[in-house]
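Data from structure-v2.cif: mmCIF, C-alpha atoms
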```cif
data_input
loop_
_atom_site.label_atom_id
_atom_site.label_comp_id
_atom_site.auth_asym_id
_atom_site.auth_seq_id
_atom_site.Cartn_x
_atom_site.Cartn_y
_atom_site.Cartn_z
CA MET A 1308 0.00 0.00 0.00
CA VAL A 1309 1.27 3.44 -0.93
CA ASP A 1310 -0.23 6.46 0.83
CA THR A 1311 0.41 9.56 -1.28
CA GLY A 1312 0.33 13.16 -0.14
CA GLY A 1313 -2.65 15.36 -0.91
CA ILE A 1314 -2.72 15.86 -4.69
CA VAL A 1315 -3.06 19.38 -6.13
CA PRO A 1316 -2.44 18.97 -9.89
CA ASP A 1317 -1.90 22.61 -10.90
CA ASP A 1318 -0.21 23.93 -7.77
CA GLU A 1319 3.28 25.19 -8.65
CA ALA A 1320 4.50 25.40 -5.06
CA VAL A 1321 7.55 23.22 -4.41
CA ILE A 1322 6.07 20.63 -2.05
CA PRO A 1323 2.64 20.14 -3.73
CA ALA A 1324 4.35 19.85 -7.13
CA ASN A 1325 6.66 17.14 -5.84
CA ILE A 1326 3.79 15.32 -4.14
CA PHE A 1327 1.91 15.24 -7.44
CA LYS A 1328 5.03 13.96 -9.18
CA GLN A 1329 5.41 11.15 -6.67
CA ALA A 1330 1.70 10.34 -6.72
CA ALA A 1331 1.92 9.89 -10.50
CA VAL A 1332 4.65 7.26 -9.99
CA ALA A 1333 2.58 5.50 -7.30
CA ILE A 1334 -0.52 5.49 -9.54
CA ASP A 1335 1.47 4.08 -12.43
CA GLU A 1336 2.75 1.16 -10.33
CA ALA A 1337 -0.54 0.43 -8.53
CA VAL A 1338 -2.94 -2.46 -9.23
CA THR A 1339 -5.99 -0.70 -7.78
CA LEU A 1340 -6.57 2.91 -6.71
CA VAL A 1341 -8.48 4.05 -3.62
CA TRP A 1342 -9.58 7.66 -4.07
CA VAL A 1343 -10.41 9.34 -0.75
CA VAL A 1344 -12.90 12.23 -0.92
CA ASP A 1345 -14.60 14.37 1.72
CA ALA A 1346 -18.30 13.44 1.85
CA ARG A 1347 -19.15 16.37 4.09
CA LYS A 1348 -17.74 18.95 1.69
CA GLY A 1349 -19.32 17.26 -1.30
CA VAL A 1350 -18.01 17.40 -4.86
CA THR A 1351 -15.44 20.16 -5.47
CA PRO A 1352 -13.79 21.41 -8.68
CA LEU A 1353 -10.58 19.68 -7.58
CA ASP A 1354 -12.48 16.39 -7.24
CA GLU A 1355 -13.71 16.74 -10.82
CA GLU A 1356 -10.15 17.32 -12.04
CA LEU A 1357 -8.81 14.32 -10.11
CA ALA A 1358 -11.65 12.11 -11.36
CA ALA A 1359 -10.64 12.90 -14.93
CA LEU A 1360 -6.99 12.04 -14.18
CA LEU A 1361 -7.96 8.75 -12.53
CA ARG A 1362 -10.25 7.71 -15.39
CA GLU A 1363 -7.37 8.16 -17.81
CA THR A 1364 -5.32 5.53 -15.95
CA GLY A 1365 -7.75 2.76 -16.96
CA LYS A 1366 -7.26 1.13 -13.55
CA PRO A 1367 -9.98 0.07 -11.08
CA VAL A 1368 -10.89 3.00 -8.82
CA LEU A 1369 -12.64 2.59 -5.47
CA VAL A 1370 -14.11 5.86 -4.17
CA ALA A 1371 -13.85 6.15 -0.37
CA ALA A 1372 -16.26 8.90 0.68
CA ASN A 1373 -14.80 9.70 4.08
CA LYS A 1374 -16.19 11.41 7.21
CA VAL A 1375 -19.52 9.57 7.08
CA ASP A 1376 -19.64 9.15 10.85
CA ALA A 1377 -23.36 8.42 11.10
CA ALA A 1378 -25.92 6.51 9.03
CA GLN A 1379 -27.88 9.66 8.20
CA LEU A 1380 -24.82 11.05 6.42
CA GLU A 1381 -24.54 8.18 3.94
CA ASP A 1382 -26.68 9.98 1.39
CA GLU A 1383 -24.01 12.68 1.16
CA ALA A 1384 -21.66 10.11 -0.40
CA SER A 1385 -24.08 9.40 -3.27
CA ASP A 1386 -23.05 12.60 -5.10
CA PHE A 1387 -19.75 10.93 -6.01
CA HIS A 1388 -21.51 8.34 -8.20
CA ARG A 1389 -21.67 11.07 -10.86
CA PHE A 1390 -18.04 10.37 -11.84
CA GLY A 1391 -19.01 6.96 -13.23
CA PHE A 1392 -16.85 4.77 -10.98
CA GLU A 1393 -18.47 1.46 -10.11
CA HIS A 1394 -17.77 1.44 -6.39
CA VAL A 1395 -18.46 4.31 -3.97
CA PHE A 1396 -18.14 3.45 -0.27
CA PRO A 1397 -19.40 5.74 2.52
CA ILE A 1398 -16.76 5.29 5.22
CA SER A 1399 -15.42 6.78 8.43
CA ALA A 1400 -11.66 6.39 8.65
CA GLU A 1401 -11.78 7.64 12.23
CA HIS A 1402 -14.34 5.10 13.46
CA GLY A 1403 -13.80 2.29 10.93
CA ASN A 1404 -17.33 2.35 9.51
CA GLY A 1405 -17.63 0.87 6.02
CA ILE A 1406 -13.96 -0.13 5.81
CA GLY A 1407 -14.72 -3.87 5.78
CA ASP A 1408 -16.99 -3.67 2.71
CA MET A 1409 -14.35 -1.66 0.85
CA LEU A 1410 -11.59 -4.14 1.75
CA ASP A 1411 -13.69 -7.05 0.45
CA VAL A 1412 -13.96 -5.43 -2.97
CA LEU A 1413 -10.33 -4.32 -2.88
CA ALA A 1414 -9.18 -7.90 -2.18
CA GLU A 1415 -11.35 -9.16 -5.04
CA LYS A 1416 -9.81 -6.63 -7.47
CA ILE A 1417 -6.28 -7.62 -6.43
CA GLU A 1418 -7.03 -11.36 -6.74
CA THR A 1419 -8.50 -10.80 -10.21
CA ARG A 1420 -5.31 -9.02 -11.23
CA LYS A 1421 -3.17 -11.86 -9.83
CA ARG A 1422 -5.13 -14.46 -11.81
CA GLY A 1423 -4.72 -12.38 -14.94
CA ASP A 1424 -0.97 -12.09 -14.40
CA ALA A 1425 -0.70 -15.86 -13.81
CA GLU A 1426 -2.55 -16.62 -17.02
CA THR A 1427 -0.34 -14.18 -18.91
CA ARG A 1428 2.75 -16.06 -17.66
CA GLY A 1429 1.16 -19.34 -18.75
CA SER A 1430 0.81 -20.76 -15.24
CA SER A 1431 -2.30 -21.92 -13.45
CA PRO A 1432 -3.71 -19.38 -10.96
CA SER A 1433 -4.62 -22.26 -8.65
CA VAL A 1434 -0.99 -23.31 -8.19
CA ARG A 1435 0.44 -21.74 -5.03
CA GLU A 1436 3.67 -22.18 -3.13
CA GLY A 1437 3.39 -24.11 0.10
CA PRO A 1438 3.95 -22.44 3.48
CA ASP A 1439 7.40 -24.00 3.88
CA THR A 1440 8.56 -22.54 0.57
CA ASP A 1441 7.11 -19.15 1.46
CA ALA A 1442 8.83 -19.16 4.85
CA GLN A 1443 12.17 -20.21 3.37
CA SER A 1444 11.92 -17.53 0.69
CA LYS A 1445 11.05 -14.86 3.27
CA THR A 1446 13.94 -15.91 5.51
CA LYS A 1447 16.33 -15.84 2.59
CA ILE A 1448 15.24 -12.35 1.56
CA GLU A 1449 15.41 -10.99 5.13
CA ALA A 1450 18.88 -12.48 5.59
CA ARG A 1451 20.15 -10.53 2.60
CA GLU A 1452 18.76 -7.15 3.64
CA ILE A 1453 20.88 -4.50 5.28
CA GLN A 1454 18.80 -2.01 7.23
CA LEU A 1455 20.36 1.33 6.28
CA ALA A 1456 19.17 4.52 8.00
CA ILE A 1457 19.94 7.98 6.64
CA VAL A 1458 19.90 10.46 9.52
CA GLY A 1459 20.90 14.05 10.12
CA ARG A 1460 19.61 17.44 11.13
CA PRO A 1461 17.01 19.08 8.86
CA ASN A 1462 17.96 20.13 5.35
CA VAL A 1463 21.37 18.46 5.11
CA GLY A 1464 20.35 16.52 1.99
CA LYS A 1465 18.97 13.20 3.27
CA SER A 1466 16.23 12.88 0.65
CA SER A 1467 18.60 14.03 -2.09
CA LEU A 1468 21.04 11.31 -1.08
CA LEU A 1469 18.27 8.71 -1.08
CA ASN A 1470 17.21 9.74 -4.57
CA ARG A 1471 20.81 9.60 -5.81
CA LEU A 1472 21.25 6.11 -4.35
CA LEU A 1473 18.04 4.91 -5.93
CA GLY A 1474 18.65 6.59 -9.27
CA GLU A 1475 15.14 8.00 -9.25
CA GLU A 1476 13.19 10.68 -7.43
CA ARG A 1477 11.43 8.53 -4.83
CA ALA A 1478 11.58 11.03 -1.94
CA ILE A 1479 10.55 14.68 -2.06
CA VAL A 1480 13.57 16.94 -2.51
CA SER A 1481 12.98 20.50 -1.41
CA PRO A 1482 15.06 23.38 -0.07
CA VAL A 1483 12.41 23.79 2.64
CA ALA A 1484 13.69 22.36 5.92
CA GLY A 1485 11.46 19.72 7.48
CA THR A 1486 9.92 18.35 4.28
CA THR A 1487 10.22 14.72 5.42
CA ARG A 1488 8.04 14.14 8.47
CA ASP A 1489 8.20 10.37 8.81
CA SER A 1490 10.40 7.38 8.16
CA VAL A 1491 10.05 5.88 4.69
CA ASP A 1492 11.43 2.43 3.87
CA THR A 1493 12.65 1.78 0.35
CA LEU A 1494 14.11 -1.46 -0.98
CA LEU A 1495 17.21 -1.12 -3.13
CA LYS A 1496 18.62 -4.22 -4.81
CA THR A 1497 22.11 -4.32 -6.28
CA ASP A 1498 24.00 -7.24 -7.79
CA ASP A 1499 25.65 -7.95 -4.44
CA GLN A 1500 23.19 -6.90 -1.77
CA THR A 1501 19.64 -5.86 -0.91
CA PHE A 1502 19.29 -2.72 1.20
CA ARG A 1503 16.25 -1.50 3.08
CA ILE A 1504 16.88 2.23 3.19
CA ILE A 1505 15.21 4.18 5.96
CA ASP A 1506 15.00 7.87 5.05
CA THR A 1507 14.22 9.53 8.39
CA ALA A 1508 12.89 12.94 9.22
CA GLY A 1509 15.49 15.54 10.18
CA ILE A 1510 16.29 15.34 13.88
CA ARG A 1511 16.16 18.46 16.00
CA ARG A 1512 17.04 18.83 19.65
CA LYS A 1513 14.00 17.81 21.70
CA GLY A 1514 13.82 21.11 23.58
CA LYS A 1515 13.70 23.02 20.30
CA THR A 1516 10.89 21.02 18.70
CA THR A 1517 7.79 23.01 19.56
CA ALA A 1518 5.50 21.73 16.80
CA MET A 1519 3.99 18.29 17.35
CA ALA A 1520 5.10 17.17 13.88
CA GLU A 1521 8.72 18.01 14.73
CA LYS A 1522 8.51 16.17 18.06
CA LEU A 1523 7.20 13.14 16.25
CA SER A 1524 10.07 13.47 13.76
CA VAL A 1525 12.57 13.02 16.59
CA VAL A 1526 10.71 9.98 17.93
CA MET A 1527 10.39 8.35 14.51
CA ALA A 1528 14.04 8.98 13.62
CA ARG A 1529 15.21 7.43 16.87
CA LYS A 1530 12.93 4.43 16.30
CA SER A 1531 14.42 4.09 12.82
CA LEU A 1532 17.91 3.96 14.32
CA GLU A 1533 16.80 1.24 16.74
CA ARG A 1534 15.97 -1.09 13.83
CA ALA A 1535 18.87 -0.03 11.59
CA ASP A 1536 22.05 -2.03 11.04
CA VAL A 1537 24.03 0.83 9.53
CA ALA A 1538 23.48 4.57 9.99
CA ILE A 1539 24.68 7.11 7.46
CA ILE A 1540 25.02 10.29 9.51
CA LEU A 1541 24.81 13.16 7.06
CA LEU A 1542 26.76 16.31 7.90
CA ASP A 1543 26.70 19.65 6.09
CA ALA A 1544 30.23 20.40 4.83
CA GLU A 1545 29.23 23.95 3.89
CA GLU A 1546 27.75 24.89 7.28
CA GLY A 1547 30.20 22.85 9.33
CA LEU A 1548 29.58 20.67 12.36
CA THR A 1549 27.17 21.56 15.15
CA ALA A 1550 26.43 20.19 18.61
CA LEU A 1551 23.24 18.70 17.18
CA ASP A 1552 25.33 16.59 14.77
CA SER A 1553 27.09 15.06 17.77
CA ASN A 1554 23.77 14.43 19.50
CA ILE A 1555 22.42 12.63 16.45
CA ALA A 1556 25.57 10.52 16.26
CA GLY A 1557 25.07 9.74 19.94
CA TYR A 1558 21.56 8.44 19.20
CA ALA A 1559 23.04 6.10 16.59
CA VAL A 1560 25.71 4.81 18.99
CA GLU A 1561 23.09 4.22 21.70
CA ALA A 1562 21.09 2.18 19.20
CA GLY A 1563 24.15 0.04 18.41
CA CYS A 1564 24.34 1.01 14.74
CA SER A 1565 27.44 0.72 12.62
CA ILE A 1566 28.17 4.26 11.47
CA ILE A 1567 29.39 6.09 8.37
CA LEU A 1568 29.98 9.84 8.67
CA VAL A 1569 29.18 11.52 5.36
CA LEU A 1570 30.15 15.14 4.65
CA ASN A 1571 27.52 16.19 2.13
CA LYS A 1572 27.51 19.31 -0.10
CA TRP A 1573 31.25 18.92 -0.63
CA ASP A 1574 30.87 20.58 -4.03
CA LEU A 1575 29.73 23.83 -2.35
CA LEU A 1576 32.78 24.15 -0.13
CA GLU A 1577 34.83 27.13 -1.27
CA GLY A 1578 38.61 27.23 -1.33
CA LYS A 1579 39.12 23.49 -1.40
CA ASP A 1580 42.57 22.05 -2.09
CA PRO A 1581 43.95 18.48 -2.15
CA GLY A 1582 44.36 18.54 1.63
CA SER A 1583 40.89 19.86 2.46
CA GLY A 1584 39.38 16.42 2.96
CA ALA A 1585 42.03 15.34 5.46
CA ARG A 1586 41.74 18.60 7.40
CA PHE A 1587 37.97 18.40 7.56
CA GLU A 1588 38.17 14.79 8.70
CA ARG A 1589 40.56 15.77 11.52
CA LYS A 1590 38.08 18.42 12.58
CA VAL A 1591 35.29 15.85 12.63
CA ARG A 1592 37.46 13.50 14.69
CA GLU A 1593 38.21 16.27 17.20
CA GLN A 1594 34.54 17.15 17.67
CA MET A 1595 33.34 13.54 17.68
CA LYS A 1596 36.06 11.73 19.57
CA PHE A 1597 33.63 8.98 20.53
CA LEU A 1598 33.43 8.07 16.82
CA SER A 1599 37.13 7.61 16.15
CA TRP A 1600 36.28 4.20 14.65
CA ALA A 1601 33.72 5.47 12.11
CA PRO A 1602 34.80 5.99 8.47
CA VAL A 1603 34.38 9.47 6.96
CA ALA A 1604 33.32 10.10 3.34
CA THR A 1605 32.90 13.33 1.38
CA THR A 1606 30.05 13.44 -1.12
CA SER A 1607 27.67 15.63 -3.06
CA ALA A 1608 24.18 14.19 -3.26
CA LEU A 1609 23.31 16.89 -5.79
CA THR A 1610 26.04 16.00 -8.31
CA GLY A 1611 26.50 12.36 -7.30
CA GLN A 1612 30.16 12.90 -6.37
CA ARG A 1613 31.47 9.74 -4.59
CA VAL A 1614 27.93 8.62 -3.68
CA GLN A 1615 28.62 5.27 -5.39
CA LYS A 1616 31.18 4.47 -2.65
CA LEU A 1617 28.61 4.54 0.16
CA LEU A 1618 26.85 1.21 -0.46
CA PRO A 1619 30.10 -0.84 -0.61
CA LEU A 1620 31.18 0.98 2.55
CA ALA A 1621 27.86 0.07 4.20
CA MET A 1622 28.43 -3.58 3.26
CA ARG A 1623 31.87 -3.51 4.83
CA VAL A 1624 30.79 -2.02 8.17
CA TYR A 1625 27.79 -4.37 8.21
CA GLY A 1626 30.16 -7.31 7.84
CA THR A 1627 32.22 -6.30 10.87
CA ARG A 1628 29.16 -5.98 13.12
CA ASN A 1629 28.44 -9.68 12.52
CA VAL A 1630 31.92 -10.96 13.40
CA ARG A 1631 32.09 -13.51 16.21
CA ILE A 1632 35.51 -14.20 17.81
CA PRO A 1633 36.09 -17.64 19.40
CA THR A 1634 36.70 -17.50 23.16
CA SER A 1635 40.05 -19.30 22.83
CA ARG A 1636 41.32 -16.69 20.37
CA LEU A 1637 40.00 -13.85 22.50
CA ASN A 1638 41.83 -15.03 25.58
CA GLU A 1639 45.06 -15.70 23.68
CA PHE A 1640 44.87 -12.10 22.45
CA PHE A 1641 43.92 -10.90 25.93
CA GLU A 1642 46.94 -12.51 27.57
CA ARG A 1643 49.42 -11.62 24.82
CA GLU A 1644 48.42 -8.12 23.76
CA VAL A 1645 46.64 -6.58 26.71
CA LEU A 1646 48.16 -8.00 29.87
CA GLN A 1647 51.76 -8.65 28.83
CA LYS A 1648 52.45 -5.72 26.50
CA SER A 1649 50.77 -3.19 28.77
CA GLY A 1650 52.63 -4.47 31.82
CA VAL A 1651 49.40 -5.35 33.58
CA THR A 1652 49.32 -8.61 35.51
CA PRO A 1653 46.16 -10.70 35.70
CA ALA A 1654 45.80 -9.73 39.37
CA ARG A 1655 46.22 -5.99 38.86
CA THR A 1656 44.51 -3.65 36.41
CA PHE A 1657 44.84 0.08 35.70
CA ARG A 1658 44.81 2.67 38.48
CA GLY A 1659 45.75 0.18 41.19
CA SER A 1660 42.43 -1.66 41.21
CA ARG A 1661 43.06 -5.12 42.74
CA LEU A 1662 41.05 -7.26 40.35
CA HIS A 1663 41.74 -10.64 38.88
CA VAL A 1664 40.68 -10.52 35.21
CA GLN A 1665 39.72 -14.12 34.60
CA TYR A 1666 38.76 -14.18 30.93
CA ILE A 1667 36.81 -12.41 28.20
CA THR A 1668 34.14 -13.85 25.93
CA GLN A 1669 31.79 -12.63 23.26
CA ILE A 1670 28.09 -12.89 24.06
CA GLY A 1671 26.52 -11.24 21.02
CA VAL A 1672 26.80 -9.59 17.63
CA ARG A 1673 25.11 -6.64 15.91
CA PRO A 1674 26.91 -4.93 17.58
CA PRO A 1675 29.75 -7.14 18.91
CA THR A 1676 29.26 -7.43 22.67
CA PHE A 1677 31.83 -8.82 25.10
CA VAL A 1678 31.88 -9.70 28.79
CA VAL A 1679 35.00 -9.38 30.94
CA PHE A 1680 34.83 -11.67 33.98
CA THR A 1681 36.59 -10.36 37.09
CA ALA A 1682 36.99 -11.49 40.69
CA GLY A 1683 38.48 -10.09 43.89
CA GLY A 1684 38.67 -6.49 44.96
CA LYS A 1685 35.86 -4.05 44.35
CA ALA A 1686 33.84 -4.53 41.19
CA GLY A 1687 34.36 -1.91 38.51
CA LEU A 1688 37.10 -1.79 35.90
CA HIS A 1689 38.46 1.69 35.37
CA PHE A 1690 37.19 3.41 32.21
CA SER A 1691 40.80 3.88 31.00
CA TYR A 1692 41.31 0.12 31.11
CA LEU A 1693 38.11 -0.54 29.15
CA ARG A 1694 39.10 2.09 26.59
CA HIS A 1695 42.54 0.51 26.24
CA LEU A 1696 40.94 -2.90 25.81
CA GLU A 1697 38.56 -1.63 23.14
CA ASN A 1698 41.36 0.06 21.18
CA ARG A 1699 43.50 -3.06 21.20
CA MET A 1700 40.55 -5.22 20.12
CA ARG A 1701 39.87 -2.90 17.19
CA GLU A 1702 43.49 -3.21 16.06
CA GLU A 1703 43.47 -6.98 16.40
CA PHE A 1704 40.08 -7.88 14.95
CA ASP A 1705 39.33 -4.93 12.62
CA PHE A 1706 35.93 -3.89 13.95
CA TYR A 1707 35.68 -1.31 11.19
CA GLY A 1708 32.87 1.20 11.51
CA THR A 1709 30.98 -0.64 14.25
CA PRO A 1710 30.61 0.04 17.98
CA ILE A 1711 31.87 -2.48 20.55
CA ARG A 1712 30.10 -3.04 23.83
CA ILE A 1713 32.16 -4.29 26.78
CA VAL A 1714 30.48 -5.12 30.06
CA GLU A 1715 31.90 -6.49 33.29
CA ARG A 1716 30.59 -9.44 35.27
CA HIS A 1717 32.06 -9.55 38.77
CA LYS A 1718 32.13 -12.96 40.39
CA SER A 1719 31.65 -11.79 43.96
CA ARG A 1720 28.39 -10.02 43.12
CA ASN A 1721 27.39 -12.14 40.16
CA ARG A 1722 25.71 -9.34 38.32
CA LEU A 1723 26.17 -7.41 35.09
CA ARG A 1724 27.42 -3.86 35.43
#
```

Any chance you could give the structure as structure tokens?
Amino acid sequence: MVDTGGIVPDDEAVIPANIFKQAAVAIDEAVTLVWVVDARKGVTPLDEELAALLRETGKPVLVAANKVDAAQLEDEASDFHRFGFEHVFPISAEHGNGIGDMLDVLAEKIETRKRGDAETRGSSPSVREGPDTDAQSKTKIEAREIQLAIVGRPNVGKSSLLNRLLGEERAIVSPVAGTTRDSVDTLLKTDDQTFRIIDTAGIRRKGKTTAMAEKLSVVMARKSLERADVAIILLDAEEGLTALDSNIAGYAVEAGCSIILVLNKWDLLEGKDPGSGARFERKVREQMKFLSWAPVATTSALTGQRVQKLLPLAMRVYGTRNVRIPTSRLNEFFEREVLQKSGVTPARTFRGSRLHVQYITQIGVRPPTFVVFTAGGKAGLHFSYLRHLENRMREEFDFYGTPIRIVERHKSRNRLR
């Protein structure tokens, strides 16, 4: 099901014009069209214009005359029979009245189309795949998908980047900040990988989002990050980094996403020279020290500059978030690289904390999660020790572009810190 924006065919304003453009694509791809009208307002000149457009498609059209909240209002829906469409349903989207009857006809139209397609292919419409085959197919498809979220503050070019990745204008691109209000999933299939791209609304600091739509944008974007494997955090190279950029990156880290930092609008940066990219990257590293492990890319969604490198990069960071290290190899590394080379004995860790570090093991992936088992002394490894351990693990096992979670389990208290 595709829910289009409100269609205004002749409106030249930026957003309505783009909505109409997208609606035309959705109509072209659809099997059946559900045209929602306002029964209380009755027939309007715009309705007459839309009816003509829908008739030209030659596709089945179901007219949903909405806002019929009581039986005595059903007669108001009868005016829409004048357009010559076979089915006009008085409904109330708010209360659910009449929806069932409309769905019955809608299902019948779709089934008729499926039978027609099957006959065109020369196969029997009665032949269906069994449940086992369906389940295996679904599992296979889901296993191939990489959930890729595109996040950033408003108007940094998220929808433009999505369109460039897709090679078509699927999302509305507008210079007006806040155009995208919700998360939109789009499947992108390449020769090597299937991506489910989540184009999220621009995130603003919660205290600054006064309008309800903007507050919902923050909630939806954070929910998108929670189900994403990889987050492309889009930064504005022309405007530079802001505190909000760091906050957004923090949301992605909290969600456990692998992360790619993308400096967009690189083509608009004045005074560039061969060393500009390296200098800008150093600046990003300084302001986002907690993302020292995340790769940085410079792109222009408008011109397509280096955009083609992002999907292979997403595949690489996705691969590292699924790595599982055997416990034997972990502890060999732990003894050799961490304890011996740092001069730390098993019975003594950083900052004089008397702890016996027994062993380390991996308990999960996506992101890689490890438990360090300790005994003796007071529970609580010093943060400098955990940071040292994480850095050495990244060097040893190449956890490129993905966060690592390290927790401590202390034997004396037998609980997870």

Exercise: stretch 1598-1610 of chain A partners within 7 Å, all atoms listed in the file, chain neighbours under 5 positions left out, as a PyMOL selection string = chain A and resi 1464+1467-1468+1471+1566-1574+1588+1592+1707-1708

Explicit residue set for the PyMOL selection byres ((chain A and resi 1620-1635) around 9), as a PyMOL selection string = chain A and resi 1453+1455+1500+1536-1539+1564-1567+1601-1602+1616-1619+1636-1640+1666-1675+1704-1711

Which residue out of A:Asp1492, A:Asp1408, A:Leu1688, A:Phe1502 has the minimum interatomic distance to A:Glu1452 when all atoms listed in the file are used?
-> A:Phe1502

Atomic separation - atom CA of A:Val1679 relative to atom CA of A:Arg1716, Å | 6.2 Å

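Taking atom CA of A:Val1560 and atom CA of A:Val1678 as endpoints, the distance between them is 18.6 Å.
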
Find the residues near A:Leu1340: any atom within 10 Å, counting all atoms listed in the file, skip ones fewer than 4 places away on the same chain, and give them as a VMD selection string.
-> chain A and resid 1308 to 1309 1333 to 1335 1361 1364 1366 to 1370 1413

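Run against this file, the PyMOL selection byres ((chain A and resi 1384) around 10) gives back A:Val1344, A:Asp1345, A:Ala1346, A:Arg1347, A:Lys1348, A:Gly1349, A:Val1350, A:Val1370, A:Ala1371, A:Ala1372, A:Asn1373, A:Lys1374, A:Val1375, A:Leu1380, A:Glu1381, A:Asp1382, A:Glu1383, A:Ser1385, A:Asp1386, A:Phe1387, A:His1388, A:Val1395, A:Phe1396, A:Pro1397, A:Ile1398.
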
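For the atom pair formed by atom CA of A:Phe1690 and atom CA of A:Ser1553, the distance is 21.1 Å, given to one decimal.
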
Using the chain letters and numbers from the file, which residues does the PyMOL selection byres ((chain A and resi 1554) around 12) grab, as a ChimeraX atom specification?
-> /A:1458-1460,1510-1513,1525,1529,1540,1548-1553,1555-1561,1594-1595,1597-1598

Residue contacts of A:Thr1311 (8 Å, all atoms listed in the file) excluding same-chain residues fewer than 5 positions away, as a list in words = Ile1326, Gln1329, Ala1330 and Ala1333 of chain A

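Using all atoms listed in the file for every distance, the candidate list A:Met1409, A:Leu1360, A:Ala1682, A:Ala1528 yields A:Ala1682 as the residue closest to A:His1717.
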